[in-house]
file structure-v2.csv (CSV, C-alpha atoms and all ligand atoms)
chain,number,residue,atom,x,y,z
K,699,MET,CA,35.0,18.7,2.2
K,700,ILE,CA,33.2,20.7,4.9
K,701,ASN,CA,29.5,19.5,5.0
K,702,VAL,CA,26.7,22.0,5.0
K,703,SER,CA,24.9,19.9,7.6
K,704,GLN,CA,25.6,16.6,9.4
K,705,PRO,CA,24.1,14.6,12.3
K,706,SER,CA,25.5,14.4,15.9
K,707,LEU,CA,25.1,10.9,17.2
K,708,GLY,CA,27.3,9.1,19.7
K,709,ASP,CA,27.7,6.7,22.5
K,710,GLU,CA,24.6,7.8,24.4
K,711,GLU,CA,22.3,7.2,21.4
K,712,LEU,CA,24.1,3.8,20.9
K,713,ALA,CA,23.4,2.8,24.5
K,714,ALA,CA,19.8,3.8,24.2
K,715,VAL,CA,19.4,1.6,21.0
K,716,GLN,CA,21.1,-1.3,22.8
K,717,GLU,CA,18.6,-1.1,25.6
K,718,VAL,CA,15.7,-1.3,23.1
K,719,PHE,CA,17.3,-4.4,21.5
K,720,ALA,CA,17.5,-6.0,25.0
K,721,GLY,CA,13.9,-5.3,25.6
K,722,ASN,CA,12.6,-7.2,22.6
K,723,TRP,CA,10.0,-4.5,21.8
K,724,LEU,CA,10.9,-2.5,18.7
K,725,GLY,CA,7.5,-1.1,17.5
K,726,TYR,CA,5.6,1.9,18.7
K,727,GLY,CA,5.4,1.4,22.5
K,728,PRO,CA,6.6,2.7,25.8
K,729,ARG,CA,9.6,4.6,24.5
K,730,SER,CA,7.6,6.2,21.7
K,731,GLU,CA,5.1,7.4,24.3
K,732,ALA,CA,7.8,8.6,26.7
K,733,PHE,CA,9.3,10.5,23.8
K,734,GLU,CA,6.0,12.1,23.0
K,735,GLU,CA,5.5,13.1,26.6
K,736,ARG,CA,8.9,14.6,26.8
K,737,PHE,CA,8.4,16.5,23.6
K,738,ALA,CA,5.0,17.8,24.8
K,739,ARG,CA,6.6,19.0,28.1
K,740,TYR,CA,9.3,20.7,26.1
K,741,LEU,CA,6.7,22.5,24.0
K,742,GLY,CA,4.5,23.3,26.9
K,743,VAL,CA,1.4,21.4,25.5
K,744,GLU,CA,-0.7,18.5,26.6
K,745,PRO,CA,0.9,15.0,26.0
K,746,GLY,CA,-2.2,13.3,24.5
K,747,HIS,CA,-2.0,15.9,21.6
K,748,VAL,CA,1.5,14.9,20.5
K,749,LEU,CA,2.2,11.9,18.2
K,750,PHE,CA,5.5,10.4,17.1
K,751,LEU,CA,5.5,9.7,13.4
K,752,ASN,CA,7.8,8.2,10.8
K,753,SER,CA,8.4,11.6,9.2
K,754,ALA,CA,7.2,15.2,9.2
K,755,THR,CA,5.9,14.6,5.7
K,756,SER,CA,3.5,12.0,7.1
K,757,GLY,CA,2.4,14.6,9.6
K,758,LEU,CA,1.7,17.2,6.8
K,759,PHE,CA,-0.4,14.7,4.8
K,760,LEU,CA,-2.2,13.8,8.0
K,761,ALA,CA,-2.8,17.5,8.8
K,762,THR,CA,-4.5,18.2,5.4
K,763,GLU,CA,-6.6,15.0,5.8
K,764,LEU,CA,-7.6,15.9,9.4
K,765,LEU,CA,-8.8,19.3,8.2
K,766,GLY,CA,-11.0,17.7,5.6
K,767,LEU,CA,-9.5,19.7,2.8
K,768,GLY,CA,-10.7,18.8,-0.7
K,769,PRO,CA,-11.6,20.0,-4.2
K,770,GLY,CA,-12.7,23.6,-4.2
K,771,ASP,CA,-10.6,24.5,-1.1
K,772,GLU,CA,-7.5,26.7,-1.2
K,773,VAL,CA,-4.5,26.6,1.1
K,774,VAL,CA,-2.2,29.6,1.3
K,775,LEU,CA,1.5,28.7,1.7
K,776,PRO,CA,4.8,30.4,1.0
K,777,SER,CA,6.4,29.4,-2.3
K,778,ALA,CA,9.7,29.4,-0.4
K,779,GLY,CA,8.9,26.0,1.2
K,780,PHE,CA,9.5,22.3,0.9
K,781,VAL,CA,7.8,20.2,-1.7
K,782,ALA,CA,6.0,18.2,1.0
K,783,ASN,CA,4.1,21.3,1.9
K,784,ALA,CA,2.6,21.6,-1.6
K,785,ASN,CA,2.2,17.8,-2.0
K,786,ALA,CA,0.2,17.5,1.2
K,787,VAL,CA,-2.2,20.1,-0.1
K,788,VAL,CA,-2.5,18.8,-3.7
K,789,ALA,CA,-3.0,15.2,-2.5
K,790,THR,CA,-6.4,16.2,-1.0
K,791,GLY,CA,-7.6,17.8,-4.2
K,792,ALA,CA,-7.3,21.3,-2.7
K,793,ARG,CA,-5.4,24.0,-4.5
K,794,PRO,CA,-2.1,25.4,-3.2
K,795,VAL,CA,-2.1,29.2,-3.4
K,796,PHE,CA,1.5,30.5,-3.1
K,797,CYS,CA,2.2,33.7,-1.2
K,798,ASP,CA,5.4,35.8,-1.5
K,799,VAL,CA,8.1,36.2,1.2
K,800,ASP,CA,10.4,38.9,2.4
K,801,PRO,CA,13.5,38.3,0.3
K,802,ARG,CA,15.8,38.7,3.4
K,803,THR,CA,14.0,36.5,6.0
K,804,MET,CA,12.3,34.3,3.5
K,805,ASN,CA,9.2,34.3,5.7
K,806,PRO,CA,5.9,35.8,4.6
K,807,SER,CA,4.6,38.8,6.4
K,808,VAL,CA,1.0,38.7,7.6
K,809,ALA,CA,0.2,41.0,4.6
K,810,ASP,CA,1.8,38.6,2.2
K,811,VAL,CA,-0.6,35.9,3.5
K,812,GLU,CA,-3.6,38.1,3.6
K,813,ARG,CA,-3.1,39.4,0.0
K,814,VAL,CA,-3.8,35.9,-1.5
K,815,MET,CA,-6.6,34.8,0.8
K,816,THR,CA,-10.0,34.4,-0.8
K,817,PRO,CA,-13.4,33.1,0.5
K,818,ARG,CA,-12.2,29.6,-0.6
K,819,THR,CA,-9.1,29.7,1.7
K,820,LYS,CA,-9.6,26.9,4.3
K,821,ALA,CA,-6.0,26.8,5.7
K,822,VAL,CA,-2.7,28.5,5.9
K,823,MET,CA,0.5,26.5,6.1
K,824,LEU,CA,3.6,28.3,7.3
K,825,LEU,CA,7.2,27.3,8.0
K,826,HIS,CA,9.9,29.3,9.9
K,827,TYR,CA,12.7,29.7,7.4
K,828,GLY,CA,16.0,28.4,8.7
K,829,GLY,CA,14.6,28.5,12.2
K,830,LEU,CA,13.9,32.2,12.2
K,831,PRO,CA,10.3,32.7,13.5
K,832,GLY,CA,8.0,34.3,11.0
K,833,ASP,CA,5.1,36.7,11.6
K,834,ILE,CA,3.5,33.8,13.4
K,835,ALA,CA,1.5,35.5,16.2
K,836,ALA,CA,-0.1,38.0,13.8
K,837,THR,CA,-0.8,35.3,11.2
K,838,ALA,CA,-2.4,33.1,13.8
K,839,ALA,CA,-4.6,36.0,14.8
K,840,LEU,CA,-5.6,36.6,11.2
K,841,CYS,CA,-6.5,32.9,10.7
K,842,ARG,CA,-8.6,32.9,13.9
K,843,ASP,CA,-10.5,36.0,12.7
K,844,ARG,CA,-11.2,34.5,9.3
K,845,GLY,CA,-12.0,31.0,10.7
K,846,VAL,CA,-9.1,29.5,8.7
K,847,ALA,CA,-7.0,26.7,10.1
K,848,LEU,CA,-3.3,27.2,10.6
K,849,ILE,CA,-0.7,24.5,10.0
K,850,GLU,CA,2.8,25.1,11.2
K,851,ASP,CA,5.7,23.3,9.5
K,852,ALA,CA,8.2,23.5,12.4
K,853,ALA,CA,10.7,21.1,10.7
K,854,CYS,CA,13.4,23.8,10.9
K,855,SER,CA,12.3,25.5,14.1
K,856,VAL,CA,12.5,22.8,16.8
K,857,ALA,CA,13.9,25.4,19.3
K,858,SER,CA,12.4,28.6,17.9
K,859,SER,CA,10.1,30.7,20.0
K,860,VAL,CA,8.3,34.1,20.1
K,861,ASP,CA,7.9,35.8,23.4
K,862,GLY,CA,8.7,32.6,25.2
K,863,ARG,CA,6.1,30.6,23.2
K,864,MET,CA,7.4,27.7,21.1
K,865,CYS,CA,7.0,27.8,17.3
K,866,GLY,CA,4.6,25.1,16.4
K,867,THR,CA,2.2,25.9,19.2
K,868,PHE,CA,0.6,28.9,17.5
K,869,GLY,CA,-1.4,27.0,14.9
K,870,ASP,CA,-4.0,24.3,15.0
K,871,ILE,CA,-1.7,21.5,13.8
K,872,ALA,CA,2.1,21.4,13.7
K,873,VAL,CA,4.9,19.1,12.6
K,874,TRP,CA,8.6,18.7,13.4
K,875,SER,CA,11.1,16.6,11.5
K,876,PHE,CA,13.9,14.3,12.8
K,877,ASP,CA,15.1,13.5,9.3
K,878,SER,CA,18.9,12.9,9.1
K,879,ARG,CA,19.7,16.5,8.2
K,880,LYS,CA,17.7,18.1,10.9
K,881,ILE,CA,19.2,19.4,14.2
K,882,ILE,CA,18.0,16.5,16.2
K,883,THR,CA,17.5,13.3,14.3
K,884,THR,CA,16.1,9.8,14.6
K,885,GLY,CA,17.3,8.8,11.2
K,886,ASP,CA,13.7,9.2,10.0
K,887,GLY,CA,11.0,10.6,12.2
K,888,GLY,CA,8.7,13.4,13.0
K,889,MET,CA,6.3,14.8,15.6
K,890,LEU,CA,2.8,16.0,15.2
K,891,HIS,CA,0.9,18.3,17.5
K,892,VAL,CA,-2.9,18.7,17.2
K,893,ARG,CA,-4.6,21.3,19.3
K,894,ASP,CA,-8.2,20.1,19.1
K,895,PRO,CA,-8.9,17.0,21.3
K,896,GLU,CA,-11.2,15.3,18.9
K,897,LEU,CA,-8.9,15.8,15.9
K,898,ALA,CA,-5.9,14.6,18.1
K,899,ARG,CA,-7.8,11.4,18.8
K,900,ARG,CA,-8.6,10.9,15.2
K,901,ALA,CA,-4.9,11.6,14.3
K,902,HIS,CA,-3.8,8.7,16.5
K,903,ARG,CA,-6.3,6.4,14.7
K,904,LEU,CA,-5.5,7.6,11.2
K,905,ALA,CA,-1.7,7.1,11.8
K,906,TYR,CA,-2.2,3.4,12.6
K,907,HIS,CA,-4.6,1.8,10.2
K,908,GLY,CA,-7.7,3.6,11.5
K,909,ILE,CA,-7.8,1.0,14.3
K,910,ALA,CA,-9.6,2.1,17.5
K,911,GLU,CA,-7.2,2.3,20.5
K,912,ARG,CA,-7.6,-1.0,22.4
K,913,SER,CA,-4.6,-2.8,23.7
K,914,ALA,CA,-4.7,-6.5,23.2
K,915,PHE,CA,-2.8,-6.9,26.5
K,916,THR,CA,-5.4,-5.0,28.5
K,917,THR,CA,-8.4,-6.8,26.9
K,918,ALA,CA,-6.7,-10.2,27.5
K,919,ALA,CA,-6.0,-9.3,31.1
K,920,GLN,CA,-9.7,-8.4,31.6
K,921,GLY,CA,-10.5,-12.0,30.7
K,922,THR,CA,-12.2,-11.1,27.4
K,923,ASP,CA,-12.6,-13.9,24.9
K,924,ARG,CA,-11.0,-13.3,21.5
K,925,TRP,CA,-8.9,-10.3,22.6
K,926,TRP,CA,-7.3,-10.3,19.1
K,927,GLY,CA,-10.2,-8.6,17.6
K,928,LEU,CA,-9.9,-5.1,16.0
K,929,ASP,CA,-12.3,-2.2,15.6
K,930,VAL,CA,-11.5,-0.3,12.4
K,931,GLU,CA,-12.9,3.2,12.7
K,932,TYR,CA,-11.3,5.0,9.7
K,933,VAL,CA,-9.5,4.2,6.5
K,934,GLY,CA,-6.1,4.8,8.0
K,935,ARG,CA,-2.5,4.4,7.0
K,936,ARG,CA,0.7,3.4,8.8
K,937,LEU,CA,2.6,6.6,9.8
K,938,ILE,CA,3.8,6.0,13.4
K,939,GLY,CA,7.3,5.9,14.6
K,940,ASN,CA,8.9,3.1,16.6
K,941,ASP,CA,10.7,2.5,19.9
K,942,LEU,CA,14.1,2.2,18.3
K,943,THR,CA,14.0,5.6,16.8
K,944,ALA,CA,12.2,7.1,19.8
K,945,ALA,CA,15.0,6.0,22.0
K,946,ILE,CA,17.4,7.9,19.8
K,947,GLY,CA,15.0,10.9,19.8
K,948,GLN,CA,14.9,11.1,23.6
K,949,VAL,CA,18.7,11.3,23.8
K,950,GLN,CA,18.8,13.9,21.0
K,951,LEU,CA,16.1,16.0,22.7
K,952,SER,CA,18.2,16.2,25.9
K,953,ARG,CA,21.2,17.3,23.8
K,954,LEU,CA,19.1,19.9,21.9
K,955,PRO,CA,19.9,23.0,24.1
K,956,ALA,CA,23.7,22.3,23.7
K,957,PHE,CA,23.3,21.9,19.9
K,958,VAL,CA,21.4,25.2,19.6
K,959,ALA,CA,23.9,27.0,21.8
K,960,ARG,CA,26.8,25.8,19.6
K,961,ARG,CA,24.9,26.8,16.4
K,962,ALA,CA,24.3,30.3,17.9
K,963,GLU,CA,28.1,30.6,18.6
K,964,LEU,CA,28.9,29.6,15.0
K,965,THR,CA,26.3,32.1,13.7
K,966,THR,CA,28.1,34.9,15.7
K,967,LEU,CA,31.5,33.7,14.4
K,968,TYR,CA,30.3,34.0,10.8
K,969,ASP,CA,28.5,37.3,11.5
K,970,GLU,CA,31.8,38.7,12.8
K,971,ALA,CA,34.1,37.2,10.2
K,972,LEU,CA,31.9,38.2,7.3
K,973,ALA,CA,30.8,41.7,8.5
K,974,GLY,CA,31.3,44.5,6.0
K,975,LEU,CA,32.0,42.4,2.9
K,976,ASP,CA,31.1,44.5,-0.1
K,977,GLY,CA,28.0,43.2,-1.9
K,978,VAL,CA,27.3,40.5,0.7
K,979,ARG,CA,24.2,40.5,2.9
K,980,LEU,CA,24.3,38.4,6.1
K,981,PRO,CA,21.2,36.8,7.6
K,982,PRO,CA,18.8,39.1,9.3
K,983,ARG,CA,19.0,39.1,13.1
K,984,PRO,CA,15.7,38.1,14.8
K,985,PRO,CA,13.9,40.8,17.0
K,986,VAL,CA,14.7,40.6,20.7
K,987,ASP,CA,11.6,38.6,21.6
K,988,HIS,CA,12.3,36.0,18.8
K,989,ARG,CA,14.6,33.0,19.4
K,990,SER,CA,16.0,31.2,16.4
K,991,THR,CA,17.0,27.5,16.1
K,992,HIS,CA,19.9,28.6,13.9
K,993,TYR,CA,19.1,25.9,11.4
K,994,PHE,CA,20.5,27.7,8.3
K,995,TYR,CA,23.1,30.4,7.9
K,996,TRP,CA,22.4,32.2,4.7
K,997,VAL,CA,24.3,34.8,2.8
K,998,GLN,CA,23.0,36.8,-0.1
K,999,LEU,CA,25.0,38.0,-3.1
K,1000,PRO,CA,24.1,39.8,-6.4
K,1001,GLU,CA,22.5,37.3,-8.8
K,1002,ASP,CA,25.3,37.2,-11.3
K,1003,ARG,CA,27.8,36.2,-8.5
K,1004,ARG,CA,25.9,33.7,-6.4
K,1005,ASP,CA,26.4,30.6,-8.6
K,1006,ARG,CA,30.1,31.5,-9.3
K,1007,VAL,CA,30.8,31.9,-5.6
K,1008,ALA,CA,29.1,28.5,-4.9
K,1009,LYS,CA,31.2,26.8,-7.6
K,1010,SER,CA,34.4,28.4,-6.4
K,1011,LEU,CA,33.6,27.3,-2.8
K,1012,LEU,CA,33.0,23.7,-4.0
K,1013,ALA,CA,36.5,23.7,-5.6
K,1014,ARG,CA,37.9,25.0,-2.3
K,1015,GLY,CA,36.4,22.1,-0.4
K,1016,VAL,CA,33.3,23.9,1.1
K,1017,TYR,CA,29.9,22.6,0.2
K,1018,THR,CA,27.1,25.1,0.1
K,1019,THR,CA,23.4,24.8,-1.0
K,1020,PHE,CA,20.1,26.6,-1.3
K,1021,ARG,CA,16.7,25.8,0.3
K,1022,TYR,CA,13.9,25.9,-0.9
K,1023,MET,CA,13.4,25.8,-4.6
K,1024,PRO,CA,10.3,28.0,-5.2
K,1025,LEU,CA,7.2,25.9,-5.4
K,1026,HIS,CA,5.4,28.5,-7.7
K,1027,ARG,CA,7.9,27.5,-10.4
K,1028,VAL,CA,6.9,23.8,-10.3
K,1029,PRO,CA,4.4,23.2,-13.1
K,1030,LEU,CA,2.8,20.3,-11.2
K,1031,TYR,CA,1.4,22.8,-8.7
K,1032,GLY,CA,-0.3,25.1,-11.2
K,1033,PRO,CA,0.4,28.0,-13.5
K,1034,PRO,CA,3.2,30.3,-12.7
K,1035,VAL,CA,2.5,33.4,-10.5
K,1036,ASP,CA,4.5,36.6,-9.9
K,1037,LEU,CA,6.3,36.4,-6.6
K,1038,PRO,CA,9.3,38.9,-6.8
K,1039,GLY,CA,10.5,38.4,-3.2
K,1040,THR,CA,10.7,34.7,-3.6
K,1041,ASP,CA,12.4,34.9,-7.0
K,1042,GLU,CA,15.0,37.4,-5.5
K,1043,ALA,CA,15.8,35.0,-2.6
K,1044,TRP,CA,16.0,32.1,-5.0
K,1045,ALA,CA,18.5,33.9,-7.2
K,1046,THR,CA,20.8,35.5,-4.6
K,1047,THR,CA,20.9,33.2,-1.5
K,1048,LEU,CA,23.4,30.6,-0.5
K,1049,LEU,CA,23.5,28.4,2.7
K,1050,LEU,CA,26.9,28.1,4.3
K,1051,PRO,CA,27.9,25.0,6.4
K,1052,LEU,CA,26.2,25.1,9.8
K,1053,HIS,CA,26.0,22.2,12.2
K,1054,GLN,CA,26.8,21.6,15.8
K,1055,ALA,CA,29.9,19.5,15.1
K,1056,LEU,CA,31.6,22.2,13.1
K,1057,SER,CA,34.7,23.4,14.8
K,1058,ASP,CA,35.7,27.1,15.2
K,1059,GLY,CA,38.7,26.3,12.9
K,1060,GLU,CA,36.4,24.8,10.2
K,1061,ALA,CA,34.0,27.8,10.5
K,1062,ARG,CA,37.0,30.2,10.1
K,1063,THR,CA,38.1,28.2,7.0
K,1064,VAL,CA,34.6,28.5,5.5
K,1065,ALA,CA,34.7,32.3,6.2
K,1066,ARG,CA,38.2,32.7,4.7
K,1067,GLU,CA,37.4,30.6,1.6
K,1068,PHE,CA,34.1,32.5,1.2
K,1069,ILE,CA,35.9,35.9,1.3
K,1070,ALA,CA,38.4,34.6,-1.2
K,1071,ALA,CA,35.7,33.2,-3.5
K,1072,VAL,CA,33.8,36.5,-3.4
K,1073,GLY,CA,37.0,38.4,-4.2
K,1074,GLU,CA,37.7,36.0,-7.1
K,1075,CYS,CA,34.2,36.4,-8.5
K,1076,GLY,CA,34.5,40.2,-8.7
K,1077,ALA,CA,32.7,43.0,-6.9
K,1101,LIG,C1,12.9,18.5,6.3
K,1101,LIG,C2,11.7,19.2,6.1
K,1101,LIG,C3,10.4,18.6,5.9
K,1101,LIG,C4,10.3,17.1,5.7
K,1101,LIG,O1,10.7,16.4,6.8
K,1101,LIG,P1,10.7,14.8,6.8
K,1101,LIG,O2,10.8,14.4,8.2
K,1101,LIG,O3,11.9,14.4,6.0
K,1101,LIG,O4,9.4,14.3,6.1
K,1101,LIG,C5,9.3,19.3,5.8
K,1101,LIG,N1,9.4,20.7,5.8
K,1101,LIG,C6,10.5,21.3,6.0
K,1101,LIG,C7,10.5,22.8,6.1
K,1101,LIG,C8,11.7,20.6,6.1
K,1101,LIG,O5,12.8,21.3,6.2
call {"tool": "encode", "arguments": {"input": "structure-v2.csv", "output": "structure tokens"}}
result
Amino acid sequence: MINVSQPSLGDEELAAVQEVFAGNWLGYGPRSEAFEERFARYLGVEPGHVLFLNSATSGLFLATELLGLGPGDEVVLPSAGFVANANAVVATGARPVFCDVDPRTMNPSVADVERVMTPRTKAVMLLHYGGLPGDIAATAALCRDRGVALIEDAACSVASSVDGRMCGTFGDIAVWSFDSRKIITTGDGGMLHVRDPELARRAHRLAYHGIAERSAFTTAAQGTDRWWGLDVEYVGRRLIGNDLTAAIGQVQLSRLPAFVARRAELTTLYDEALAGLDGVRLPPRPPVDHRSTHYFYWVQLPEDRRDRVAKSLLARGVYTTFRYMPLHRVPLYGPPVDLPGTDEAWATTLLLPLHQALSDGEARTVAREFIAAVGECGA
């Protein structure tokens, strides 16, 4: 079976983990801080504003908490998003208001976002579908004009940029994911960026029991009596990453450019092998000033054929899938709304295998089997 995604971990990551074992410090510490600094440099932001967490989901929940969202507030987000996006909103008592997306890119236009904004809108939460940057600069400008916070879910877009500016640095708060199916992984893990210095400080506290930053080592060294005391500033949780996963993350980050380059090659291979197939739409190409992470490769077929093609591919040893199940169809998040672009994408889209360990031969097999499956399922 050809996997739709899989991690790339090897000797370098193993060696980094071994070093952590030898150092006897596993928790959040020097390696976590070094990973944050490196990630901040990679993004082009200030290091103190970046925090290594145990998941992107933790970051999304932290984001809605930091913004002080609550009952009576509304948050606009695309229905074509991950459940954690909606959960992080609903958990605060605020209402998720789903906007539509372009059925081809699966990103909302700035008009899609604006259409559902009301005076109760306190935040907008966007992701970049499959690594393809959305209408992020214009949406950020709209949010600034309206005094609305912008949260970027950059889980899929760790290497995406617009005009040289990294996705995740347009909004007020952003998260990245290093979950096992993401391009770079720490097993579980995530990164948070908070633009405002005061909110960034509070994020650090809230992510670790609400305890004020005060190193026991430093206070002991200063000769203070009872250096084991704690100052609890907030009702915090325990959302931070650790040095074991940070060590893996540092190696993965150094390999990221090669991973993305390989994914770009595979995208081109698919584009060429599948060009001109009757009734099949290939993923849209980003505008020249947009760089994609190439996280997903998605094809679109007429609704009556998509499911049959997926089943036929499975029988042929090629696993495919779809992301993301439309959130506006989840009763837990509220009554159904009419979002035709999202529904069209949901009914017609299929993700083909794409990961950096995929060989040219495997990608050609996927393309060949896909063409055969499409033929079998009728035009
Ligand atoms: C994977 C993913 C998440 C969740 O990331 P975790 O690190 O598993 O919490 C959130 N949003 C999007 C768009 C994702 O793809």
call {"tool": "residues_near_ligand", "arguments": {"input": "structure-v2.csv", "ligand": "ligand LIG 1101 (chain K)", "cutoff": "8 Å", "atoms": "all atoms listed in the file", "output": "short mmCIF file (atom, residue, chain, number, x, y, z; two decimals) with C-alpha atoms, in the coordinates of the input"}}
result
data_model
loop_
_atom_site.label_atom_id
_atom_site.label_comp_id
_atom_site.auth_asym_id
_atom_site.auth_seq_id
_atom_site.Cartn_x
_atom_site.Cartn_y
_atom_site.Cartn_z
CA ASN K 752 7.80 8.20 10.80
CA SER K 753 8.40 11.60 9.20
CA ALA K 754 7.20 15.20 9.20
CA THR K 755 5.90 14.60 5.70
CA SER K 756 3.50 12.00 7.10
CA GLY K 757 2.40 14.60 9.60
CA LEU K 758 1.70 17.20 6.80
CA GLY K 779 8.90 26.00 1.20
CA PHE K 780 9.50 22.30 0.90
CA VAL K 781 7.80 20.20 -1.70
CA ALA K 782 6.00 18.20 1.00
CA ASN K 783 4.10 21.30 1.90
CA LEU K 825 7.20 27.30 8.00
CA HIS K 826 9.90 29.30 9.90
CA TYR K 827 12.70 29.70 7.40
CA ASP K 851 5.70 23.30 9.50
CA ALA K 852 8.20 23.50 12.40
CA ALA K 853 10.70 21.10 10.70
CA CYS K 854 13.40 23.80 10.90
CA TRP K 874 8.60 18.70 13.40
CA SER K 875 11.10 16.60 11.50
CA PHE K 876 13.90 14.30 12.80
CA ASP K 877 15.10 13.50 9.30
CA SER K 878 18.90 12.90 9.10
CA ARG K 879 19.70 16.50 8.20
CA LYS K 880 17.70 18.10 10.90
CA ASP K 886 13.70 9.20 10.00
CA GLY K 887 11.00 10.60 12.20
CA GLY K 888 8.70 13.40 13.00
#
call {"tool": "atom_distance", "arguments": {"input": "structure-v2.csv", "atom1": "atom CA of K:Asp929", "atom2": "atom CA of K:Ala761"}}
result
22.9 Å
call {"tool": "atom_distance", "arguments": {"input": "structure-v2.csv", "atom1": "atom CA of K:Leu848", "atom2": "atom CA of K:Ala784"}}
result
14.7 Å
call {"tool": "atom_distance", "arguments": {"input": "structure-v2.csv", "atom1": "atom CA of K:Thr803", "atom2": "atom CA of K:Gly828"}}
result
8.8 Å
call {"tool": "residues_near_point", "arguments": {"input": "structure-v2.csv", "point": "(-11.5, 20.7, -2.8)", "cutoff": "10 Å", "atoms": "only C-alpha atoms", "output": "JSON, numbers by chain"}}
result
{"K": [766, 767, 768, 769, 770, 771, 772, 773, 787, 788, 790, 791, 792, 793, 818, 820]}
call {"tool": "closest_atom_pairs", "arguments": {"input": "structure-v2.csv", "of": "stretch 937-994 of chain K", "to": "stretch 1064-1069 of chain K", "cutoff": "7 Å", "atoms": "all atoms listed in the file", "output": "tab-separated table"}}
result
residue	atom	partner	partner_atom	distance
K:Tyr968	CA	K:Ala1065	CA	6.6
K:Ala971	CA	K:Ala1065	CA	6.4
K:Leu972	CA	K:Ala1065	CA	6.6
call {"tool": "residues_around", "arguments": {"input": "structure-v2.csv", "residues": "K:Asp833", "least_positions_apart": "6", "cutoff": "8 Å", "atoms": "all atoms listed in the file", "output": "CSV table (one decimal) with C-alpha atoms, keeping the file's coordinate frame"}}
result
chain,number,residue,atom,x,y,z
K,805,ASN,CA,9.2,34.3,5.7
K,806,PRO,CA,5.9,35.8,4.6
K,807,SER,CA,4.6,38.8,6.4
K,808,VAL,CA,1.0,38.7,7.6
call {"tool": "residues_around", "arguments": {"input": "structure-v2.csv", "residues": "K:Thr1046", "least_positions_apart": "3", "cutoff": "7 Å", "atoms": "only C-alpha atoms", "output": "list of chain:residue names"}}
result
K:Gln998, K:Leu999, K:Pro1000, K:Glu1001, K:Arg1004, K:Glu1042, K:Ala1043
call {"tool": "residues_around", "arguments": {"input": "structure-v2.csv", "residues": "stretch 897-899 of chain K", "least_positions_apart": "4", "cutoff": "9 Å", "atoms": "all atoms listed in the file", "output": "PyMOL selection string"}}
result
chain K and resi 746-749+764-765+891-893+903-904
call {"tool": "residues_around", "arguments": {"input": "structure-v2.csv", "residues": "K:Gln716", "least_positions_apart": "5", "cutoff": "10 Å", "atoms": "all atoms listed in the file", "output": "list in words"}}
result
Glu710, Glu711, Gly721, Leu942 and Ala945 of chain K
call {"tool": "closest_residue", "arguments": {"input": "structure-v2.csv", "among": "K:Ser703, K:Thr1040, K:Thr965, K:Thr1047", "to": "K:Asp1005", "atoms": "all atoms listed in the file"}}
result
K:Thr1047
call {"tool": "closest_residue", "arguments": {"input": "structure-v2.csv", "among": "K:Ala919, K:Ala836, K:Ala1070, K:Leu964", "to": "K:Ala1055", "atoms": "all atoms listed in the file"}}
result
K:Leu964
call {"tool": "residues_around", "arguments": {"input": "structure-v2.csv", "residues": "K:Thr1063", "least_positions_apart": "4", "cutoff": "10 Å", "atoms": "only C-alpha atoms", "output": "list in words"}}
result
Ile700, Arg1014, Gly1015, Val1016, Ser1057, Asp1058, Gly1059, Glu1067, Phe1068 and Ile1069 of chain K
call {"tool": "closest_residue", "arguments": {"input": "structure-v2.csv", "among": "K:Ala901, K:Val715, K:Leu1012, K:Ile909", "to": "K:Arg729", "atoms": "all atoms listed in the file"}}
result
K:Val715
call {"tool": "closest_residue", "arguments": {"input": "structure-v2.csv", "among": "K:Ile871, K:Arg1062, K:His992, K:Pro1033", "to": "K:Ser855", "atoms": "only C-alpha atoms"}}
result
K:His992
call {"tool": "closest_residue", "arguments": {"input": "structure-v2.csv", "among": "K:Ala1008, K:Leu1037, K:Met804, K:Ile882", "to": "K:Ile946", "atoms": "only C-alpha atoms"}}
result
K:Ile882
